[in-house]
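To be precise, the following lines are structure18.pdb, and they hold PDB, C-alpha atoms.
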ATOM      1  CA  MET A   1     110.783 118.095 137.467
ATOM      2  CA  GLN A   2     107.391 119.379 136.319
ATOM      3  CA  LYS A   3     107.135 121.917 133.512
ATOM      4  CA  SER A   4     105.478 125.247 134.204
ATOM      5  CA  LEU A   5     102.191 126.119 132.523
ATOM      6  CA  ALA A   6     104.030 128.704 130.440
ATOM      7  CA  GLU A   7     106.323 126.021 129.059
ATOM      8  CA  LEU A   8     103.590 123.474 128.439
ATOM      9  CA  PRO A   9     102.145 124.796 125.132
ATOM     10  CA  LYS A  10     105.588 124.824 123.533
ATOM     11  CA  PHE A  11     106.266 121.337 124.840
ATOM     12  CA  LEU A  12     102.972 120.011 123.459
ATOM     13  CA  PHE A  13     103.494 121.711 120.105
ATOM     14  CA  SER A  14     106.806 119.914 119.633
ATOM     15  CA  ILE A  15     105.058 116.572 120.099
ATOM     16  CA  VAL A  16     102.136 117.401 117.821
ATOM     17  CA  PHE A  17     104.594 118.521 115.143
ATOM     18  CA  ILE A  18     106.060 115.008 114.999
ATOM     19  CA  VAL A  19     102.863 112.955 114.841
ATOM     20  CA  ILE A  20      99.151 113.539 114.940
ATOM     21  CA  VAL A  21      97.158 110.752 116.525
ATOM     22  CA  ILE A  22      93.549 110.387 115.440
ATOM     23  CA  GLY A  23      91.703 107.431 116.849
ATOM     24  CA  SER A  24      93.811 104.330 116.207
ATOM     25  CA  TYR A  25      95.676 105.871 113.241
ATOM     26  CA  VAL A  26      99.034 107.575 113.417
ATOM     27  CA  ILE A  27      99.442 110.043 110.570
ATOM     28  CA  VAL A  28     102.971 111.159 109.741
ATOM     29  CA  ALA A  29     103.382 114.314 107.691
ATOM     30  CA  GLN A  30     104.263 113.483 104.083
ATOM     31  CA  THR A  31     106.795 115.379 102.009
ATOM     32  CA  PRO A  32     105.543 116.557  98.605
ATOM     33  CA  ILE A  33     107.200 114.805  95.666
ATOM     34  CA  THR A  34     108.903 117.079  93.152
ATOM     35  CA  GLY A  35     110.493 116.419  89.795
ATOM     36  CA  GLU A  36     110.428 117.190  86.101
ATOM     37  CA  TRP A  37     107.848 116.498  83.425
ATOM     38  CA  LYS A  38     108.016 116.171  79.664
ATOM     39  CA  ALA A  39     105.041 116.155  77.331
ATOM     40  CA  ASP A  40     104.311 115.419  73.684
ATOM     41  CA  THR A  41     101.076 116.030  71.831
ATOM     42  CA  ARG A  42     101.730 113.059  69.553
ATOM     43  CA  PRO A  43      99.741 109.991  70.671
ATOM     44  CA  GLU A  44     101.973 107.152  71.784
ATOM     45  CA  ARG A  45     102.215 104.153  74.023
ATOM     46  CA  SER A  46     104.494 104.581  76.979
ATOM     47  CA  LYS A  47     106.363 102.440  79.427
ATOM     48  CA  ASN A  48     106.092 103.159  83.123
ATOM     49  CA  THR A  49     109.682 102.510  84.141
ATOM     50  CA  HIS A  50     108.898 102.840  87.836
ATOM     51  CA  SER A  51     106.587  99.827  87.871
ATOM     52  CA  ASP A  52     108.002  98.208  84.731
ATOM     53  CA  VAL A  53     104.602  97.799  83.072
ATOM     54  CA  ASP A  54     103.028  99.192  79.962
ATOM     55  CA  VAL A  55     100.529 101.915  80.693
ATOM     56  CA  ARG A  56      97.839 101.864  78.057
ATOM     57  CA  SER A  57      95.447 104.645  77.216
ATOM     58  CA  ASP A  58      92.163 104.591  75.358
ATOM     59  CA  LYS A  59      92.621 108.255  74.486
ATOM     60  CA  LYS A  60      93.727 108.834  70.907
ATOM     61  CA  GLY A  61      94.647 111.683  68.645
ATOM     62  CA  GLY A  62      94.048 115.243  69.788
ATOM     63  CA  ASP A  63      91.985 114.301  72.855
ATOM     64  CA  SER A  64      94.977 113.480  75.028
ATOM     65  CA  LEU A  65      98.488 114.500  75.935
ATOM     66  CA  HIS A  66     101.345 112.123  76.710
ATOM     67  CA  ILE A  67     103.196 113.215  79.851
ATOM     68  CA  SER A  68     106.217 111.627  81.507
ATOM     69  CA  PHE A  69     106.944 112.483  85.137
ATOM     70  CA  GLU A  70     110.488 111.875  86.367
ATOM     71  CA  ARG A  71     111.912 112.137  89.853
ATOM     72  CA  SER A  72     115.636 111.903  90.555
ATOM     73  CA  ARG A  73     117.114 110.796  93.887
ATOM     74  CA  GLY A  74     120.721 110.532  92.815
ATOM     75  CA  GLU A  75     122.490 109.509  89.621
ATOM     76  CA  LYS A  76     121.456 105.865  89.849
ATOM     77  CA  ASN A  77     118.062 106.311  91.439
ATOM     78  CA  ARG A  78     115.360 107.596  89.142
ATOM     79  CA  SER A  79     111.675 106.836  88.865
ATOM     80  CA  GLN A  80     109.604 107.636  85.820
ATOM     81  CA  HIS A  81     105.871 107.437  85.171
ATOM     82  CA  GLY A  82     104.510 107.943  81.671
ATOM     83  CA  SER A  83     100.984 107.839  80.342
ATOM     84  CA  SER A  84      98.423 109.690  78.238
ATOM     85  CA  PHE A  85      95.991 112.024  79.960
ATOM     86  CA  ALA A  86      92.759 113.489  78.643
ATOM     87  CA  TYR A  87      92.795 117.272  78.450
ATOM     88  CA  SER A  88      89.627 117.221  80.532
ATOM     89  CA  ASP A  89      91.745 115.833  83.404
ATOM     90  CA  LEU A  90      94.398 118.554  83.091
ATOM     91  CA  GLN A  91      92.958 121.640  84.744
ATOM     92  CA  GLY A  92      94.251 124.847  83.186
ATOM     93  CA  LEU A  93      95.606 123.292  79.985
ATOM     94  CA  THR A  94      94.061 123.254  76.494
ATOM     95  CA  PRO A  95      95.334 121.768  73.205
ATOM     96  CA  GLU A  96      95.990 125.285  71.953
ATOM     97  CA  GLN A  97      98.290 126.028  74.879
ATOM     98  CA  THR A  98     100.483 123.032  74.025
ATOM     99  CA  GLN A  99     101.783 124.736  70.898
ATOM    100  CA  ASN A 100     103.809 127.589  72.363
ATOM    101  CA  GLY A 101     104.149 129.481  75.617
ATOM    102  CA  ARG A 102     104.237 129.198  79.396
ATOM    103  CA  VAL A 103     101.726 126.870  81.076
ATOM    104  CA  SER A 104     100.456 126.102  84.550
ATOM    105  CA  PHE A 105      98.101 123.160  85.021
ATOM    106  CA  ARG A 106      96.971 120.571  87.571
ATOM    107  CA  LEU A 107      96.046 116.906  87.598
ATOM    108  CA  VAL A 108      93.564 116.479  90.465
ATOM    109  CA  ARG A 109      92.992 112.913  91.598
ATOM    110  CA  GLU A 110      91.635 111.264  94.722
ATOM    111  CA  ALA A 111      95.146 110.253  95.800
ATOM    112  CA  GLY A 112      96.457 113.802  95.487
ATOM    113  CA  THR A 113      97.158 116.697  93.156
ATOM    114  CA  VAL A 114     100.012 117.091  90.666
ATOM    115  CA  GLU A 115     100.793 120.766  90.023
ATOM    116  CA  CYS A 116     102.835 121.512  86.895
ATOM    117  CA  GLU A 117     104.686 124.561  85.604
ATOM    118  CA  GLY A 118     106.606 124.793  82.346
ATOM    119  CA  THR A 119     106.794 125.689  78.687
ATOM    120  CA  PHE A 120     105.552 124.245  75.390
ATOM    121  CA  VAL A 121     107.255 124.688  72.016
ATOM    122  CA  ASN A 122     105.643 123.195  68.902
ATOM    123  CA  GLY A 123     103.677 120.575  70.807
ATOM    124  CA  LYS A 124     106.466 119.475  73.142
ATOM    125  CA  GLY A 125     106.628 120.599  76.735
ATOM    126  CA  THR A 126     108.999 120.508  79.698
ATOM    127  CA  GLY A 127     108.825 121.791  83.243
ATOM    128  CA  THR A 128     108.668 120.937  86.917
ATOM    129  CA  PHE A 129     105.958 119.358  89.038
ATOM    130  CA  THR A 130     104.968 119.007  92.665
ATOM    131  CA  PHE A 131     102.761 116.203  93.936
ATOM    132  CA  ILE A 132     100.697 117.050  96.994
ATOM    133  CA  PRO A 133      99.337 113.812  98.500
ATOM    134  CA  ASP A 134      95.884 113.635 100.069
ATOM    135  CA  GLN A 135      96.189 112.311 103.622
ATOM    136  CA  ALA A 136      92.562 111.183 103.731
ATOM    137  CA  TYR A 137      93.209 108.864 100.782
ATOM    138  CA  LEU A 138      95.617 106.621 102.706
ATOM    139  CA  SER A 139      93.200 106.329 105.627
ATOM    140  CA  ALA A 140      90.348 105.472 103.260
ATOM    141  CA  MET A 141      92.426 102.788 101.546
ATOM    142  CA  ASN A 142      93.614 101.400 104.880
ATOM    143  CA  ALA A 143      90.003 101.090 105.993
ATOM    144  CA  ARG A 144      89.385  98.955 102.909
ATOM    145  CA  GLY A 145      92.336  96.683 103.638
ATOM    146  CA  PHE A 146      94.845  98.249 101.232
ATOM    147  CA  ASP A 147      97.946  99.330 103.152
ATOM    148  CA  PHE A 148     100.230 101.549 101.070
ATOM    149  CA  ALA A 149     103.002 101.051 103.639
ATOM    150  CA  LYS A 150     103.314  97.387 102.689
ATOM    151  CA  SER A 151     105.825  97.442  99.857
ATOM    152  CA  ASN A 152     108.963  95.644  98.752
ATOM    153  CA  SER A 153     110.540  99.002  97.994
ATOM    154  CA  ARG A 154     113.684  99.891  99.938
ATOM    155  CA  HIS A 155     113.117 103.631  99.606
ATOM    156  CA  GLU A 156     112.154 105.513 102.742
ATOM    157  CA  ASP A 157     109.497 107.381 100.759
ATOM    158  CA  ALA A 158     107.887 104.249  99.335
ATOM    159  CA  VAL A 159     104.454 105.304 100.629
ATOM    160  CA  GLU A 160     104.661 108.661  98.878
ATOM    161  CA  GLU A 161     105.917 107.066  95.685
ATOM    162  CA  ARG A 162     103.069 104.558  95.662
ATOM    163  CA  GLN A 163     100.525 107.271  96.365
ATOM    164  CA  PHE A 164     102.000 109.304  93.507
ATOM    165  CA  SER A 165     101.623 106.281  91.224
ATOM    166  CA  ALA A 166      98.041 105.880  92.430
ATOM    167  CA  ALA A 167      97.315 109.484  91.456
ATOM    168  CA  LEU A 168      98.771 109.102  87.961
ATOM    169  CA  LEU A 169      96.981 105.778  87.393
ATOM    170  CA  ASN A 170      93.792 107.141  88.969
ATOM    171  CA  VAL A 171      93.513 104.336  91.510
ATOM    172  CA  THR A 172      90.354 105.233  93.401
ATOM    173  CA  THR A 173      88.517 104.002  96.479
ATOM    174  CA  ALA A 174      85.609 103.250  94.131
ATOM    175  CA  LEU A 175      87.851 100.761  92.304
ATOM    176  CA  ALA A 176      88.879  99.252  95.649
ATOM    177  CA  ASP A 177      85.228  98.868  96.640
ATOM    178  CA  ASP A 178      84.387  97.328  93.273
ATOM    179  CA  LEU A 179      87.141  94.714  93.540
ATOM    180  CA  ARG A 180      86.220  93.920  97.141
ATOM    181  CA  SER A 181      82.619  93.306  96.076
ATOM    182  CA  VAL A 182      83.585  90.153  94.170
ATOM    183  CA  ASP A 183      85.445  87.004  95.179
ATOM    184  CA  LEU A 184      88.986  87.575  93.922
ATOM    185  CA  GLY A 185      90.788  86.318  97.008
ATOM    186  CA  PRO A 186      93.258  88.428  99.025
ATOM    187  CA  LEU A 187      94.241  91.638  97.238
ATOM    188  CA  ASP A 188      96.946  94.221  97.882
ATOM    189  CA  VAL A 189      97.887  97.666  96.580
ATOM    190  CA  ASP A 190      99.781  96.177  93.632
ATOM    191  CA  ASP A 191      96.554  94.449  92.581
ATOM    192  CA  LEU A 192      94.818  97.828  92.594
ATOM    193  CA  PHE A 193      97.490  99.185  90.257
ATOM    194  CA  LYS A 194      97.120  96.191  87.916
ATOM    195  CA  ALA A 195      93.348  96.553  87.903
ATOM    196  CA  SER A 196      93.610 100.231  86.996
ATOM    197  CA  ILE A 197      96.237  99.716  84.285
ATOM    198  CA  PHE A 198      94.533  96.769  82.604
ATOM    199  CA  LYS A 199      90.931  97.810  83.281
ATOM    200  CA  VAL A 200      89.986  94.842  85.438
ATOM    201  CA  ASP A 201      86.733  95.347  87.319
ATOM    202  CA  SER A 202      83.667  93.445  88.491
ATOM    203  CA  LYS A 203      81.979  93.968  85.107
ATOM    204  CA  PHE A 204      84.812  92.261  83.236
ATOM    205  CA  MET A 205      84.908  89.501  85.824
ATOM    206  CA  ALA A 206      81.147  88.925  85.380
ATOM    207  CA  GLU A 207      81.639  88.818  81.601
ATOM    208  CA  MET A 208      84.307  86.113  81.898
ATOM    209  CA  LYS A 209      82.222  84.222  84.458
ATOM    210  CA  ALA A 210      79.263  84.167  82.087
ATOM    211  CA  SER A 211      81.604  82.829  79.384
ATOM    212  CA  GLY A 212      82.313  79.741  81.462
ATOM    213  CA  PHE A 213      85.179  80.873  83.691
ATOM    214  CA  PRO A 214      83.729  81.495  87.185
ATOM    215  CA  ASP A 215      86.914  81.022  89.198
ATOM    216  CA  LEU A 216      89.425  83.398  87.598
ATOM    217  CA  LYS A 217      91.594  85.351  90.032
ATOM    218  CA  MET A 218      93.258  88.714  89.581
ATOM    219  CA  GLU A 219      96.340  87.333  87.796
ATOM    220  CA  ASP A 220      94.106  85.426  85.369
ATOM    221  CA  LEU A 221      91.994  88.502  84.642
ATOM    222  CA  VAL A 222      95.104  90.596  84.045
ATOM    223  CA  LYS A 223      96.399  87.900  81.687
ATOM    224  CA  ALA A 224      93.054  87.933  79.883
ATOM    225  CA  ARG A 225      93.336  91.684  79.355
ATOM    226  CA  ILE A 226      96.962  91.452  78.190
ATOM    227  CA  PHE A 227      96.117  88.818  75.565
ATOM    228  CA  LYS A 228      92.720  90.360  74.688
ATOM    229  CA  ILE A 229      90.672  87.412  75.840
ATOM    230  CA  ASP A 230      87.063  88.447  76.308
ATOM    231  CA  ALA A 231      83.595  86.951  75.854
ATOM    232  CA  ASP A 232      83.748  87.449  72.092
ATOM    233  CA  TYR A 233      86.998  85.502  71.788
ATOM    234  CA  VAL A 234      85.661  82.725  74.013
ATOM    235  CA  ARG A 235      82.681  82.434  71.642
ATOM    236  CA  GLN A 236      85.057  82.264  68.666
ATOM    237  CA  VAL A 237      86.978  79.386  70.248
ATOM    238  CA  HIS A 238      83.732  77.560  70.997
ATOM    239  CA  GLN A 239      82.603  78.033  67.401
ATOM    240  CA  MET A 240      85.908  76.512  66.255
ATOM    241  CA  GLY A 241      84.864  73.359  68.115
ATOM    242  CA  PHE A 242      86.942  73.757  71.270
ATOM    243  CA  SER A 243      84.313  74.441  73.907
ATOM    244  CA  ASP A 244      86.269  72.383  76.431
ATOM    245  CA  LYS A 245      89.384  74.564  76.302
ATOM    246  CA  GLY A 246      90.536  75.716  79.726
ATOM    247  CA  PHE A 247      91.648  79.275  80.379
ATOM    248  CA  GLU A 248      95.335  78.521  79.752
ATOM    249  CA  GLY A 249      94.328  76.908  76.482
ATOM    250  CA  LEU A 250      92.696  80.184  75.459
ATOM    251  CA  VAL A 251      95.869  82.047  76.375
ATOM    252  CA  LYS A 252      97.922  79.670  74.231
ATOM    253  CA  PHE A 253      95.527  80.121  71.312
ATOM    254  CA  ARG A 254      95.826  83.909  71.640
ATOM    255  CA  ILE A 255      99.623  83.873  71.911
ATOM    256  CA  PHE A 256      99.970  81.826  68.722
ATOM    257  CA  LYS A 257      97.159  83.636  66.883
ATOM    258  CA  VAL A 258      94.823  80.709  66.394
ATOM    259  CA  THR A 259      91.808  82.174  64.592
ATOM    260  CA  PRO A 260      88.759  80.750  62.785
ATOM    261  CA  GLU A 261      90.349  81.861  59.515
ATOM    262  CA  PHE A 262      93.549  79.917  60.204
ATOM    263  CA  LEU A 263      91.601  76.834  61.249
ATOM    264  CA  ASN A 264      89.539  77.001  58.043
ATOM    265  CA  GLU A 265      92.774  77.113  56.014
ATOM    266  CA  LEU A 266      93.951  73.920  57.719
ATOM    267  CA  ARG A 267      90.625  72.219  57.162
ATOM    268  CA  ALA A 268      90.757  73.180  53.485
ATOM    269  CA  GLN A 269      93.984  71.163  53.304
ATOM    270  CA  GLY A 270      92.246  68.101  54.708
ATOM    271  CA  PHE A 271      93.043  68.468  58.405
ATOM    272  CA  ASP A 272      89.545  68.279  59.864
ATOM    273  CA  ASN A 273      90.165  66.607  63.216
ATOM    274  CA  LEU A 274      93.164  68.394  64.643
ATOM    275  CA  SER A 275      93.629  68.646  68.387
ATOM    276  CA  ALA A 276      94.257  72.016  70.001
ATOM    277  CA  GLU A 277      97.909  71.040  70.561
ATOM    278  CA  GLU A 278      98.361  70.146  66.890
ATOM    279  CA  ILE A 279      96.890  73.466  65.782
ATOM    280  CA  VAL A 280      99.293  75.311  68.054
ATOM    281  CA  LYS A 281     102.179  73.312  66.541
ATOM    282  CA  PHE A 282     101.191  74.561  63.084
ATOM    283  CA  ARG A 283     101.576  78.120  64.414
ATOM    284  CA  ILE A 284     104.779  77.505  66.389
ATOM    285  CA  PHE A 285     106.578  75.975  63.414
ATOM    286  CA  ASN A 286     104.995  78.291  60.846
ATOM    287  CA  ILE A 287     103.388  75.460  58.892
ATOM    288  CA  ASP A 288     101.138  77.312  56.480
ATOM    289  CA  PRO A 289      98.866  76.072  53.642
ATOM    290  CA  ASP A 290     101.640  76.447  51.068
ATOM    291  CA  PHE A 291     104.000  74.233  53.113
ATOM    292  CA  ILE A 292     101.200  71.702  53.662
ATOM    293  CA  ARG A 293     100.499  71.471  49.927
ATOM    294  CA  LYS A 294     104.163  70.773  49.172
ATOM    295  CA  ALA A 295     104.415  68.192  51.938
ATOM    296  CA  LYS A 296     101.243  66.403  50.793
ATOM    297  CA  ALA A 297     102.459  66.425  47.199
ATOM    298  CA  GLU A 298     105.387  64.293  48.362
ATOM    299  CA  ASP A 299     103.385  62.196  50.831
ATOM    300  CA  PRO A 300      99.547  62.412  50.760
ATOM    301  CA  GLY A 301      99.401  60.776  54.190
ATOM    302  CA  VAL A 302     101.857  63.118  55.870
ATOM    303  CA  THR A 303     101.123  63.739  59.555
ATOM    304  CA  VAL A 304     101.461  66.835  61.692
ATOM    305  CA  GLU A 305     104.532  65.430  63.450
ATOM    306  CA  GLN A 306     106.193  64.606  60.137
ATOM    307  CA  MET A 307     105.652  68.152  58.918
ATOM    308  CA  VAL A 308     107.126  69.487  62.144
ATOM    309  CA  GLN A 309     110.188  67.289  61.532
ATOM    310  CA  MET A 310     110.440  68.680  58.004
ATOM    311  CA  LYS A 311     110.320  72.199  59.357
ATOM    312  CA  ILE A 312     113.074  71.678  61.899
ATOM    313  CA  GLY A 313     115.218  69.762  59.433
ATOM    314  CA  VAL A 314     115.026  66.295  61.044
ATOM    315  CA  ARG A 315     113.190  64.972  57.977
ATOM    316  CA  LYS A 316     114.004  66.118  54.439
ATOM    317  CA  MET A 317     111.420  67.210  51.921
ATOM    318  CA  LYS A 318     112.401  66.537  48.335
ATOM    319  CA  THR A 319     110.149  69.168  46.799
ATOM    320  CA  TYR A 320     110.623  71.883  49.392
TER
END
Can you present the structure in this file as structure tokens?
Amino acid sequence: MQKSLAELPKFLFSIVFIVIVIGSYVIVAQTPITGEWKADTRPERSKNTHSDVDVRSDKKGGDSLHISFERSRGEKNRSQHGSSFAYSDLQGLTPEQTQNGRVSFRLVREAGTVECEGTFVNGKGTGTFTFIPDQAYLSAMNARGFDFAKSNSRHEDAVEERQFSAALLNVTTALADDLRSVDLGPLDVDDLFKASIFKVDSKFMAEMKASGFPDLKMEDLVKARIFKIDADYVRQVHQMGFSDKGFEGLVKFRIFKVTPEFLNELRAQGFDNLSAEEIVKFRIFNIDPDFIRKAKAEDPGVTVEQMVQMKIGVRKMKTY
């Protein structure tokens, strides 16, 4: 039975209310995310419990404010995002306002806007927030091959949660374009988050490439940032006489704090031709110059392996 013309507008409105179809994209209305925020004017390093990664900030002292955003979806289902934000990014908030009184401020990012209301007392603040996602952002990211709907999350609002994270981490389309401009292999939204958190971009990739590592992928570059491996450290390792060290060798050197100073201490004790593995063993077993002197006093020809055995108790040292 056909609907009358009078009934048609109402009928069409009910369909448009559900979905809006534009071209080949289907856009479903998103629900704003709400929750609570806490802030502290003291500089600190935070842990983003939602993504289980450390969120680092280059902002220090009075130039930034640490804010933690928490959303509860039941007693056992909470997500928390914490980081430090420059006051210049917090519209409507000044350092003076964080001492005492009511506040209303906004964090405006490409992924959306976080609107905050609350109160500060002696540099500590609490209140509520609402995240209003930007619909155009998802379409722009989709066009670049980054689908926010592809997630391992079991929550129905995984897209909104990821877009909220993107706003707090300031994951931009410019970053997506920058990463797509270089050969890093297939990338997904999680790679965008990692790149934003650890400051991985085409400039850093070019720096590592010029240092002799042209084929590093995203995971390698993230690892380099975590262990503070850059062109300067690569030069240090080369100057120590290990120009043939692969990337994982650099990581191992960084983990066990192999430095030119430490290598010079070993050489001063007569160990001039140590392999990279032997140097790492000195660090693993905490074999320092004092231990070496005592071991050599007992046996001038003592080897690295023998000193390792002394350290772990397999071989006894009379004078130690």
Just give me the gap between CA of Asn286 (chain A) and CA of Lys252 (chain A) in Å, one decimal is fine.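 According to the coordinates, CA of Asn286 (chain A) and CA of Lys252 (chain A) are separated by 15.2 Å.
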Give as a VMD selection string the residues that the PyMOL selection byres ((chain A and resi 172-175) around 12) matches when applied to the coordinates above. chain A and resid 109 to 112 136 to 146 163 165 to 171 176 to 182 189 191 to 197 199 to 203
What does the distance from CA of Thr113 (chain A) to CA of Ser68 (chain A) come to in Å, to one decimal?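 Those two atoms sit 15.6 Å apart.
Going from CA of Lys281 (chain A) to CA of Val308 (chain A) covers 7.6 Å.
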Proximity to Glu248 (chain A) - best of A:Phe227, A:Phe262, A:Phe271, A:Phe282, only C-alpha atoms: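 Using only C-alpha atoms, the shortest distance to Glu248 (chain A) belongs to A:Phe227.
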Could you work out an axis-aligned bounding box for all listed atoms of region 188-200 of chain A, with 3 Å added on each of the six sides, and give its centre and edge lengths in Å to one decimal, as lines of an AutoDock Vina configuration file?
center_x = 94.9
center_y = 97.2
center_z = 90.2
size_x = 15.8
size_y = 12.0
size_z = 21.3
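Non-sequential neighbours of Ser88 (chain A) (distance at most 10 Å, separation of 5 or more positions within a chain, all atoms listed in the file) are Asp63, Ser64, Leu93, Thr94 and Leu107 of chain A.
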Create the file for the chosen residues now, containing C-alpha atoms and written as a PDB file, keeping the file's coordinate frame.
ATOM      1  CA  ASP A  63      91.985 114.301  72.855  1.00  0.00           C
ATOM      2  CA  SER A  64      94.977 113.480  75.028  1.00  0.00           C
ATOM      3  CA  LEU A  93      95.606 123.292  79.985  1.00  0.00           C
ATOM      4  CA  THR A  94      94.061 123.254  76.494  1.00  0.00           C
ATOM      5  CA  LEU A 107      96.046 116.906  87.598  1.00  0.00           C
TER       6      LEU A 107
END
List as a PyMOL selection string the protein and nucleic acid residues near Cys116 (chain A), meaning an atom at most 12 Å away when all atoms listed in the file are counted, but skip any in the same chain fewer than 6 places from it. chain A and resi 33-39+67-69+90-93+102-108+125-132
Under the rule that all atoms listed in the file are counted, which of A:Pro32, A:Met205, A:Phe213, A:Thr41 is the nearest residue to Glu160 (chain A)?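 Nearest candidate to Glu160 (chain A) out of A:Pro32, A:Met205, A:Phe213, A:Thr41: A:Pro32.
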